[in-house]
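Chemist: Dropping the structure in here first, questions after.
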Amino acid sequence: MSFLRRRSATPAGPDFDVLAMDPGDWPGNLGAGLLPAPDGTCQGVFLRYDLFGGRGPAMIIGNLPEGSPAREVAADEVPFEVGQLLLALENDEDVTVVGTEDMPVLQGDNLLIVRRLKLSESRISCVQFDRSDGVLVTIAAWDRPITDDLYALLKPLPAELFQQG
């Protein structure tokens with residue numbers, strides 16, 4: 001799969017392909033955030049998809065490379081992207097991971113092993129999978145189930161989205 005390789009040239013943004021939904025495929029607003037390290041390298045990218053009409057954030061998709069401190073969470077602690085979703089919703093409830101389930105999902109001709117996280121807040125859906133280049137993709141959605149057809153919408157976003165103007 002082409003999105004599972006590192007780019008050879010160093011872009012102005014992340015040094016890895018960012019897997020997410022194309023902003024043109026989403027009926028709302030897209031916001032992107034970069035997680036910089038002290039040395040200026042990119043330690044991850046998260047994209048926040050908001051619905052039109054001010055109805056708030058619907059989904060956050062994170063891409064965190066190996067070594068990113070945002071990946072280091074305790075077993076019952078929620079992933080970084082769930083924390084960002086709760087912040088965006090101004091929800092200060094204490095949410096924990098209460099269980100996980102691994103399931104196979106076909107994306108085109110490729111098989112993904114998707115880890116579905118069960119959270120103490122049932123209105124949050126969260127899944128994670130590892131790409132072959134070591135990037136962890138996490139999808140967190142508010143009050144919407146994450147279904148298998150979502151994986152078909154995921155694709156690498158062009159590097160130009162992350163270049164400073």
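Residue numbering restarts at 1 for every chain of the structure tokens, chains are lettered A, B, ... in their displayed order, and ligands are numbered from 1 as they appear.
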Would you give me, as a list in words, the residues in chain A that DSSP reads as alpha helix (DSSP H)?
Modeler: Phe80, Glu81, Val82, Gly83, Gln84, Leu85, Leu86, Leu87, Ala88, Asp149, Leu150, Tyr151, Ala152 and Leu153 of chain A
Chemist: Would you save the residues of that selection, restricted to N, CA, C and O atoms, as a PDB file, in the first residue's frame?
Modeler:
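Output (result.pdb):
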```
ATOM      1  N   PHE A  80      -4.283   9.605  23.430  1.00  0.00           N
ATOM      2  CA  PHE A  80      -4.161  11.049  23.259  1.00  0.00           C
ATOM      3  C   PHE A  80      -5.362  11.627  22.504  1.00  0.00           C
ATOM      4  O   PHE A  80      -5.906  12.665  22.877  1.00  0.00           O
ATOM      5  N   GLU A  81      -5.803  10.949  21.434  1.00  0.00           N
ATOM      6  CA  GLU A  81      -6.884  11.461  20.592  1.00  0.00           C
ATOM      7  C   GLU A  81      -8.210  11.531  21.345  1.00  0.00           C
ATOM      8  O   GLU A  81      -8.998  12.444  21.142  1.00  0.00           O
ATOM      9  N   VAL A  82      -8.456  10.583  22.236  1.00  0.00           N
ATOM     10  CA  VAL A  82      -9.677  10.627  23.057  1.00  0.00           C
ATOM     11  C   VAL A  82      -9.603  11.828  23.990  1.00  0.00           C
ATOM     12  O   VAL A  82     -10.588  12.554  24.175  1.00  0.00           O
ATOM     13  N   GLY A  83      -8.431  12.064  24.565  1.00  0.00           N
ATOM     14  CA  GLY A  83      -8.249  13.242  25.415  1.00  0.00           C
ATOM     15  C   GLY A  83      -8.500  14.533  24.654  1.00  0.00           C
ATOM     16  O   GLY A  83      -9.132  15.465  25.171  1.00  0.00           O
ATOM     17  N   GLN A  84      -8.027  14.608  23.405  1.00  0.00           N
ATOM     18  CA  GLN A  84      -8.255  15.797  22.578  1.00  0.00           C
ATOM     19  C   GLN A  84      -9.734  15.961  22.255  1.00  0.00           C
ATOM     20  O   GLN A  84     -10.245  17.079  22.228  1.00  0.00           O
ATOM     21  N   LEU A  85     -10.420  14.853  22.012  1.00  0.00           N
ATOM     22  CA  LEU A  85     -11.860  14.909  21.738  1.00  0.00           C
ATOM     23  C   LEU A  85     -12.614  15.422  22.963  1.00  0.00           C
ATOM     24  O   LEU A  85     -13.476  16.298  22.854  1.00  0.00           O
ATOM     25  N   LEU A  86     -12.247  14.932  24.139  1.00  0.00           N
ATOM     26  CA  LEU A  86     -12.895  15.396  25.366  1.00  0.00           C
ATOM     27  C   LEU A  86     -12.626  16.874  25.612  1.00  0.00           C
ATOM     28  O   LEU A  86     -13.527  17.611  26.024  1.00  0.00           O
ATOM     29  N   LEU A  87     -11.388  17.326  25.343  1.00  0.00           N
ATOM     30  CA  LEU A  87     -11.071  18.754  25.480  1.00  0.00           C
ATOM     31  C   LEU A  87     -11.914  19.599  24.524  1.00  0.00           C
ATOM     32  O   LEU A  87     -12.448  20.648  24.900  1.00  0.00           O
ATOM     33  N   ALA A  88     -12.031  19.147  23.282  1.00  0.00           N
ATOM     34  CA  ALA A  88     -12.800  19.893  22.288  1.00  0.00           C
ATOM     35  C   ALA A  88     -14.269  19.966  22.672  1.00  0.00           C
ATOM     36  O   ALA A  88     -14.951  20.955  22.383  1.00  0.00           O
ATOM     37  N   ASP A 149     -16.803   0.544   6.979  1.00  0.00           N
ATOM     38  CA  ASP A 149     -16.722   1.335   5.747  1.00  0.00           C
ATOM     39  C   ASP A 149     -15.893   2.608   5.925  1.00  0.00           C
ATOM     40  O   ASP A 149     -15.435   3.192   4.958  1.00  0.00           O
ATOM     41  N   LEU A 150     -15.637   3.027   7.156  1.00  0.00           N
ATOM     42  CA  LEU A 150     -14.779   4.196   7.390  1.00  0.00           C
ATOM     43  C   LEU A 150     -13.357   3.942   6.903  1.00  0.00           C
ATOM     44  O   LEU A 150     -12.716   4.819   6.344  1.00  0.00           O
ATOM     45  N   TYR A 151     -12.860   2.709   7.063  1.00  0.00           N
ATOM     46  CA  TYR A 151     -11.478   2.407   6.684  1.00  0.00           C
ATOM     47  C   TYR A 151     -11.247   2.591   5.186  1.00  0.00           C
ATOM     48  O   TYR A 151     -10.144   2.911   4.769  1.00  0.00           O
ATOM     49  N   ALA A 152     -12.293   2.410   4.383  1.00  0.00           N
ATOM     50  CA  ALA A 152     -12.160   2.607   2.932  1.00  0.00           C
ATOM     51  C   ALA A 152     -11.965   4.086   2.593  1.00  0.00           C
ATOM     52  O   ALA A 152     -11.443   4.414   1.529  1.00  0.00           O
ATOM     53  N   LEU A 153     -12.395   4.995   3.481  1.00  0.00           N
ATOM     54  CA  LEU A 153     -12.252   6.433   3.242  1.00  0.00           C
ATOM     55  C   LEU A 153     -10.871   6.958   3.628  1.00  0.00           C
ATOM     56  O   LEU A 153     -10.508   8.069   3.267  1.00  0.00           O
TER      57      LEU A 153
END
```
Chemist: Per DSSP on the backbone, filter chain A down to the residues in strand (DSSP E or B) and report them as a ChimeraX atom specification.
Modeler: /A:18-21,28-36,42-51,57-64,77,96-107,110-119,124-130,136-142,154-157
Chemist: Set the distance at 9 Å and use only C-alpha atoms: which residues neighbour segment 112-122 of chain A once local chain neighbours fewer than 6 positions away are removed? I'd like the list as a short mmCIF file (atom, residue, chain, number, x, y, z; two decimals) with all heavy atoms, in the first residue's frame.
Modeler:
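To be explicit, this is the file written out as part_22.cif:
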```
data_model
loop_
_atom_site.label_atom_id
_atom_site.label_comp_id
_atom_site.auth_asym_id
_atom_site.auth_seq_id
_atom_site.Cartn_x
_atom_site.Cartn_y
_atom_site.Cartn_z
N VAL A 78 -6.80 6.59 28.50
CA VAL A 78 -7.30 6.78 27.14
C VAL A 78 -6.19 7.28 26.22
O VAL A 78 -5.27 7.95 26.67
CB VAL A 78 -8.50 7.76 27.09
CG1 VAL A 78 -9.68 7.20 27.88
CG2 VAL A 78 -8.13 9.14 27.57
N GLU A 93 -15.06 14.87 32.21
CA GLU A 93 -15.33 13.58 32.83
C GLU A 93 -14.08 12.70 32.80
O GLU A 93 -13.31 12.72 31.84
CB GLU A 93 -16.47 12.89 32.06
CG GLU A 93 -16.93 11.60 32.65
CD GLU A 93 -18.10 11.00 31.89
OE1 GLU A 93 -18.80 11.75 31.19
OE2 GLU A 93 -18.30 9.79 32.01
N ASP A 94 -13.88 11.93 33.85
CA ASP A 94 -12.76 11.00 33.91
C ASP A 94 -13.13 9.74 33.13
O ASP A 94 -14.00 8.99 33.54
CB ASP A 94 -12.43 10.66 35.36
CG ASP A 94 -11.18 9.83 35.49
OD1 ASP A 94 -10.28 9.96 34.63
OD2 ASP A 94 -11.10 9.03 36.45
N VAL A 95 -12.49 9.53 31.98
CA VAL A 95 -12.79 8.40 31.11
C VAL A 95 -11.60 7.46 31.12
O VAL A 95 -10.44 7.90 31.07
CB VAL A 95 -13.08 8.88 29.66
CG1 VAL A 95 -13.34 7.70 28.73
CG2 VAL A 95 -14.25 9.84 29.64
N THR A 96 -11.86 6.16 31.21
CA THR A 96 -10.81 5.14 31.21
C THR A 96 -11.12 4.06 30.18
O THR A 96 -12.26 3.93 29.73
CB THR A 96 -10.67 4.48 32.59
OG1 THR A 96 -11.91 3.87 32.93
CG2 THR A 96 -10.28 5.49 33.66
N VAL A 97 -10.09 3.31 29.84
CA VAL A 97 -10.26 2.14 28.96
C VAL A 97 -10.66 0.97 29.85
O VAL A 97 -9.97 0.67 30.82
CB VAL A 97 -8.95 1.83 28.21
CG1 VAL A 97 -9.09 0.55 27.39
CG2 VAL A 97 -8.54 2.99 27.33
N VAL A 98 -11.76 0.32 29.52
CA VAL A 98 -12.24 -0.80 30.33
C VAL A 98 -12.04 -2.14 29.63
O VAL A 98 -12.24 -3.19 30.23
CB VAL A 98 -13.72 -0.61 30.74
CG1 VAL A 98 -13.86 0.59 31.65
CG2 VAL A 98 -14.63 -0.49 29.53
N GLY A 99 -11.64 -2.12 28.35
CA GLY A 99 -11.38 -3.37 27.64
C GLY A 99 -10.97 -3.10 26.21
O GLY A 99 -11.10 -1.98 25.70
N THR A 100 -10.43 -4.13 25.56
CA THR A 100 -10.05 -4.02 24.15
C THR A 100 -10.45 -5.30 23.43
O THR A 100 -10.61 -6.36 24.05
CB THR A 100 -8.52 -3.83 23.97
OG1 THR A 100 -7.84 -4.95 24.51
CG2 THR A 100 -8.03 -2.55 24.62
N GLU A 101 -10.61 -5.17 22.13
CA GLU A 101 -10.97 -6.32 21.30
C GLU A 101 -10.25 -6.15 19.96
O GLU A 101 -10.35 -5.09 19.33
CB GLU A 101 -12.49 -6.34 21.10
CG GLU A 101 -12.99 -7.37 20.15
CD GLU A 101 -14.49 -7.23 19.88
OE1 GLU A 101 -15.09 -6.22 20.28
OE2 GLU A 101 -15.03 -8.15 19.24
N ASP A 102 -9.50 -7.16 19.54
CA ASP A 102 -8.83 -7.12 18.24
C ASP A 102 -9.74 -7.76 17.20
O ASP A 102 -10.35 -8.80 17.46
CB ASP A 102 -7.50 -7.88 18.28
CG ASP A 102 -6.44 -7.14 19.07
OD1 ASP A 102 -6.62 -5.94 19.34
OD2 ASP A 102 -5.42 -7.77 19.41
N MET A 103 -9.81 -7.11 16.04
CA MET A 103 -10.66 -7.64 14.97
C MET A 103 -10.00 -7.39 13.62
O MET A 103 -9.38 -6.34 13.42
CB MET A 103 -12.04 -7.01 15.04
CG MET A 103 -12.05 -5.50 15.11
SD MET A 103 -13.66 -4.80 15.39
CE MET A 103 -14.36 -4.97 13.79
N PRO A 104 -10.13 -8.34 12.70
CA PRO A 104 -9.57 -8.14 11.36
C PRO A 104 -10.52 -7.30 10.50
O PRO A 104 -11.74 -7.46 10.57
CB PRO A 104 -9.45 -9.56 10.82
CG PRO A 104 -10.52 -10.32 11.54
CD PRO A 104 -10.67 -9.66 12.89
N VAL A 105 -9.94 -6.38 9.73
CA VAL A 105 -10.73 -5.54 8.82
C VAL A 105 -10.01 -5.52 7.48
O VAL A 105 -8.79 -5.32 7.43
CB VAL A 105 -10.86 -4.09 9.36
CG1 VAL A 105 -11.50 -3.18 8.34
CG2 VAL A 105 -11.64 -4.07 10.65
N LEU A 106 -10.74 -5.74 6.41
CA LEU A 106 -10.15 -5.69 5.08
C LEU A 106 -10.22 -4.26 4.56
O LEU A 106 -11.28 -3.63 4.58
CB LEU A 106 -10.91 -6.62 4.14
CG LEU A 106 -10.10 -7.34 3.09
CD1 LEU A 106 -8.94 -8.10 3.71
CD2 LEU A 106 -10.97 -8.28 2.30
N GLN A 128 -7.86 1.64 17.01
CA GLN A 128 -6.46 1.89 16.71
C GLN A 128 -5.94 0.78 15.80
O GLN A 128 -6.38 -0.36 15.90
CB GLN A 128 -5.60 1.89 17.97
CG GLN A 128 -5.91 2.99 18.94
CD GLN A 128 -5.00 2.93 20.15
OE1 GLN A 128 -4.81 1.89 20.77
NE2 GLN A 128 -4.42 4.08 20.51
N PHE A 129 -4.99 1.14 14.93
CA PHE A 129 -4.25 0.12 14.20
C PHE A 129 -2.86 0.64 13.88
O PHE A 129 -2.65 1.85 13.79
CB PHE A 129 -4.99 -0.34 12.93
CG PHE A 129 -5.24 0.74 11.91
CD1 PHE A 129 -4.31 1.01 10.90
CD2 PHE A 129 -6.42 1.47 11.94
CE1 PHE A 129 -4.56 2.00 9.97
CE2 PHE A 129 -6.67 2.45 10.99
CZ PHE A 129 -5.73 2.72 10.01
N ASP A 130 -1.93 -0.29 13.74
CA ASP A 130 -0.54 0.05 13.43
C ASP A 130 -0.33 -0.08 11.93
O ASP A 130 -0.78 -1.06 11.32
CB ASP A 130 0.41 -0.91 14.15
CG ASP A 130 0.39 -0.71 15.65
OD1 ASP A 130 0.62 0.42 16.09
OD2 ASP A 130 0.13 -1.69 16.37
N ARG A 131 0.35 0.92 11.36
CA ARG A 131 0.73 0.84 9.95
C ARG A 131 2.08 0.14 9.86
O ARG A 131 2.80 0.05 10.84
CB ARG A 131 0.82 2.25 9.35
CG ARG A 131 -0.52 2.93 9.32
CD ARG A 131 -0.54 4.33 8.79
NE ARG A 131 0.69 4.89 8.28
CZ ARG A 131 0.87 6.18 8.04
NH1 ARG A 131 -0.09 7.04 8.29
NH2 ARG A 131 2.01 6.63 7.57
N ASP A 143 -20.32 10.00 19.87
CA ASP A 143 -21.73 9.67 19.66
C ASP A 143 -22.00 9.09 18.26
O ASP A 143 -23.09 9.26 17.73
CB ASP A 143 -22.60 10.90 19.91
CG ASP A 143 -23.98 10.51 20.43
OD1 ASP A 143 -24.12 9.39 20.94
OD2 ASP A 143 -24.90 11.33 20.33
#
```
Chemist: Here is a test: counting only C-alpha atoms, which residue of A:Ile60, A:Leu30, A:Val45, A:Met21 is nearest to Phe162 of chain A?
Modeler: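 Once distances to Phe162 of chain A are computed over only C-alpha atoms, the minimum belongs to A:Val45.
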Chemist: Find the residues near Ile139 of chain A: any atom within 6 Å, counting only C-alpha atoms, skip ones fewer than 3 places away on the same chain, and give them as a list in words.
Modeler: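 Result of the neighbour search: Ile60, Ile61, Cys126 and Val127 of chain A.
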Chemist: Using only C-alpha atoms, which protein or nucleic acid residues come within 9 Å of Tyr49 of chain A? Drop anything in the same chain fewer than 3 positions from it, and give the result as number ranges by chain.
Modeler: A: 23, 26-32, 56-61
Chemist: Take the selection from the previous step and output its residues with N, CA, C and O atoms, as a PDB file, in the first residue's frame.
Modeler:
```pdb
ATOM      1  N   PRO A  23     -10.339  16.091   3.315  1.00  0.00           N
ATOM      2  CA  PRO A  23     -11.280  17.124   3.782  1.00  0.00           C
ATOM      3  C   PRO A  23     -12.471  17.292   2.846  1.00  0.00           C
ATOM      4  O   PRO A  23     -13.558  17.642   3.286  1.00  0.00           O
ATOM      5  N   TRP A  26     -15.599  15.157   3.748  1.00  0.00           N
ATOM      6  CA  TRP A  26     -16.239  15.365   5.055  1.00  0.00           C
ATOM      7  C   TRP A  26     -17.154  16.580   4.970  1.00  0.00           C
ATOM      8  O   TRP A  26     -16.736  17.642   4.536  1.00  0.00           O
ATOM      9  N   PRO A  27     -18.402  16.450   5.426  1.00  0.00           N
ATOM     10  CA  PRO A  27     -19.349  17.567   5.316  1.00  0.00           C
ATOM     11  C   PRO A  27     -19.227  18.574   6.447  1.00  0.00           C
ATOM     12  O   PRO A  27     -20.192  18.908   7.106  1.00  0.00           O
ATOM     13  N   GLY A  28     -18.037  19.034   6.719  1.00  0.00           N
ATOM     14  CA  GLY A  28     -17.832  19.973   7.816  1.00  0.00           C
ATOM     15  C   GLY A  28     -16.477  20.616   7.724  1.00  0.00           C
ATOM     16  O   GLY A  28     -15.910  20.735   6.650  1.00  0.00           O
ATOM     17  N   ASN A  29     -15.951  21.030   8.873  1.00  0.00           N
ATOM     18  CA  ASN A  29     -14.667  21.722   8.918  1.00  0.00           C
ATOM     19  C   ASN A  29     -13.577  20.797   9.420  1.00  0.00           C
ATOM     20  O   ASN A  29     -13.806  19.944  10.275  1.00  0.00           O
ATOM     21  N   LEU A  30     -12.370  21.010   8.911  1.00  0.00           N
ATOM     22  CA  LEU A  30     -11.219  20.210   9.308  1.00  0.00           C
ATOM     23  C   LEU A  30     -10.194  21.110   9.971  1.00  0.00           C
ATOM     24  O   LEU A  30      -9.875  22.187   9.472  1.00  0.00           O
ATOM     25  N   GLY A  31      -9.673  20.656  11.095  1.00  0.00           N
ATOM     26  CA  GLY A  31      -8.562  21.344  11.745  1.00  0.00           C
ATOM     27  C   GLY A  31      -7.447  20.347  11.968  1.00  0.00           C
ATOM     28  O   GLY A  31      -7.703  19.170  12.238  1.00  0.00           O
ATOM     29  N   ALA A  32      -6.208  20.782  11.819  1.00  0.00           N
ATOM     30  CA  ALA A  32      -5.069  19.883  12.003  1.00  0.00           C
ATOM     31  C   ALA A  32      -4.150  20.438  13.072  1.00  0.00           C
ATOM     32  O   ALA A  32      -3.979  21.647  13.195  1.00  0.00           O
ATOM     33  N   GLY A  56     -20.226  20.876  16.874  1.00  0.00           N
ATOM     34  CA  GLY A  56     -19.092  20.363  17.621  1.00  0.00           C
ATOM     35  C   GLY A  56     -18.324  19.268  16.924  1.00  0.00           C
ATOM     36  O   GLY A  56     -18.684  18.815  15.849  1.00  0.00           O
ATOM     37  N   PRO A  57     -17.231  18.852  17.556  1.00  0.00           N
ATOM     38  CA  PRO A  57     -16.358  17.849  16.955  1.00  0.00           C
ATOM     39  C   PRO A  57     -17.043  16.493  16.867  1.00  0.00           C
ATOM     40  O   PRO A  57     -17.732  16.071  17.783  1.00  0.00           O
ATOM     41  N   ALA A  58     -16.872  15.847  15.743  1.00  0.00           N
ATOM     42  CA  ALA A  58     -17.446  14.533  15.541  1.00  0.00           C
ATOM     43  C   ALA A  58     -16.384  13.452  15.588  1.00  0.00           C
ATOM     44  O   ALA A  58     -16.654  12.335  15.998  1.00  0.00           O
ATOM     45  N   MET A  59     -15.148  13.804  15.165  1.00  0.00           N
ATOM     46  CA  MET A  59     -14.128  12.770  15.057  1.00  0.00           C
ATOM     47  C   MET A  59     -12.729  13.380  15.115  1.00  0.00           C
ATOM     48  O   MET A  59     -12.508  14.478  14.610  1.00  0.00           O
ATOM     49  N   ILE A  60     -11.815  12.640  15.714  1.00  0.00           N
ATOM     50  CA  ILE A  60     -10.400  13.002  15.699  1.00  0.00           C
ATOM     51  C   ILE A  60      -9.637  11.785  15.209  1.00  0.00           C
ATOM     52  O   ILE A  60      -9.865  10.666  15.687  1.00  0.00           O
ATOM     53  N   ILE A  61      -8.754  12.002  14.225  1.00  0.00           N
ATOM     54  CA  ILE A  61      -7.891  10.933  13.725  1.00  0.00           C
ATOM     55  C   ILE A  61      -6.454  11.348  14.001  1.00  0.00           C
ATOM     56  O   ILE A  61      -6.020  12.414  13.577  1.00  0.00           O
TER      57      ILE A  61
END
```
Chemist: Can you tell me, as a list in words, what residues are no more than 8 Å from Pro156 of chain A when counting only C-alpha atoms, ignoring any on the same chain fewer than 4 positions away?
Modeler: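 Using only C-alpha atoms, the neighbours found are Phe3, Asp17, Val18, Leu19, Ala20 and Met21 of chain A.
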Chemist: Please, could you write that set of residues out with N, CA and C atoms as a PDB file, in the first residue's frame?
Modeler:
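Contents of part10.pdb, as written:
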```pdb
ATOM      1  N   PHE A   3       0.490   4.265   1.037  1.00  0.00           N
ATOM      2  CA  PHE A   3       0.545   5.160   2.186  1.00  0.00           C
ATOM      3  C   PHE A   3       1.332   4.570   3.346  1.00  0.00           C
ATOM      4  N   ASP A  17       3.746  10.009   6.059  1.00  0.00           N
ATOM      5  CA  ASP A  17       2.448  10.230   5.428  1.00  0.00           C
ATOM      6  C   ASP A  17       1.367  10.218   6.497  1.00  0.00           C
ATOM      7  N   VAL A  18       0.422  11.133   6.389  1.00  0.00           N
ATOM      8  CA  VAL A  18      -0.675  11.229   7.358  1.00  0.00           C
ATOM      9  C   VAL A  18      -1.896  10.560   6.750  1.00  0.00           C
ATOM     10  N   LEU A  19      -2.362   9.527   7.413  1.00  0.00           N
ATOM     11  CA  LEU A  19      -3.512   8.773   6.932  1.00  0.00           C
ATOM     12  C   LEU A  19      -4.777   9.320   7.576  1.00  0.00           C
ATOM     13  N   ALA A  20      -5.696   9.811   6.763  1.00  0.00           N
ATOM     14  CA  ALA A  20      -6.947  10.370   7.282  1.00  0.00           C
ATOM     15  C   ALA A  20      -7.966  10.427   6.148  1.00  0.00           C
ATOM     16  N   MET A  21      -9.101  11.050   6.410  1.00  0.00           N
ATOM     17  CA  MET A  21     -10.101  11.258   5.373  1.00  0.00           C
ATOM     18  C   MET A  21      -9.795  12.568   4.669  1.00  0.00           C
TER      19      MET A  21
END
```
Chemist: Mind checking which residues fall within 9 Å of Ala70 of chain A, counting only C-alpha atoms, ignoring those fewer than 6 positions away in the same chain, and posting them as a PDB file with N, CA, C and O atoms, in the first residue's frame?
Modeler:
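Now in selection.pdb:
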```pdb
ATOM      1  N   LEU A  35       2.238  17.832  16.677  1.00  0.00           N
ATOM      2  CA  LEU A  35       2.866  17.685  17.991  1.00  0.00           C
ATOM      3  C   LEU A  35       4.376  17.823  17.806  1.00  0.00           C
ATOM      4  O   LEU A  35       5.036  16.876  17.390  1.00  0.00           O
ATOM      5  N   GLN A  43       6.229  14.885  16.156  1.00  0.00           N
ATOM      6  CA  GLN A  43       5.960  13.698  16.956  1.00  0.00           C
ATOM      7  C   GLN A  43       4.548  13.168  16.756  1.00  0.00           C
ATOM      8  O   GLN A  43       4.129  12.250  17.445  1.00  0.00           O
ATOM      9  N   GLY A  44       3.819  13.745  15.818  1.00  0.00           N
ATOM     10  CA  GLY A  44       2.479  13.259  15.527  1.00  0.00           C
ATOM     11  C   GLY A  44       1.617  14.338  14.918  1.00  0.00           C
ATOM     12  O   GLY A  44       1.937  15.527  14.966  1.00  0.00           O
ATOM     13  N   LEU A  64       0.538   8.871  15.054  1.00  0.00           N
ATOM     14  CA  LEU A  64       1.667   9.047  15.962  1.00  0.00           C
ATOM     15  C   LEU A  64       2.777   8.062  15.598  1.00  0.00           C
ATOM     16  O   LEU A  64       2.574   6.848  15.660  1.00  0.00           O
ATOM     17  N   PRO A  79      -6.284   6.958  24.933  1.00  0.00           N
ATOM     18  CA  PRO A  79      -5.304   7.491  23.980  1.00  0.00           C
ATOM     19  C   PRO A  79      -5.370   9.013  23.897  1.00  0.00           C
ATOM     20  O   PRO A  79      -6.380   9.641  24.233  1.00  0.00           O
ATOM     21  N   PHE A  80      -4.283   9.605  23.430  1.00  0.00           N
ATOM     22  CA  PHE A  80      -4.161  11.049  23.259  1.00  0.00           C
ATOM     23  C   PHE A  80      -5.362  11.627  22.504  1.00  0.00           C
ATOM     24  O   PHE A  80      -5.906  12.665  22.877  1.00  0.00           O
TER      25      PHE A  80
END
```
Chemist: Could you check which of A:Leu111, A:Cys42, A:Leu34, A:Val135 is closest to Pro65 of chain A, using only C-alpha atoms?
Modeler: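 Comparing A:Leu111, A:Cys42, A:Leu34, A:Val135 against Pro65 of chain A, the winner is A:Val135.
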Chemist: Could you tell me how far atom CA of Asp109 of chain A sits from atom CA of Glu160 of chain A, in Å to one decimal place?
Modeler: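 Value for the atom CA of Glu160 of chain A-atom CA of Asp109 of chain A distance: 27.7 Å.
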Chemist: Which value, in Å to one decimal, gives the distance between atom CA of Pro36 of chain A and atom CA of Gly62 of chain A?
Modeler: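 These two atoms are separated by 13.9 Å.
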Chemist: Which one is closest to Ala37 of chain A: A:Ser68, A:Val137, A:Leu161, A:Asp50? Count only C-alpha atoms.
Modeler: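 Closest residue, counting only C-alpha atoms: A:Ser68.
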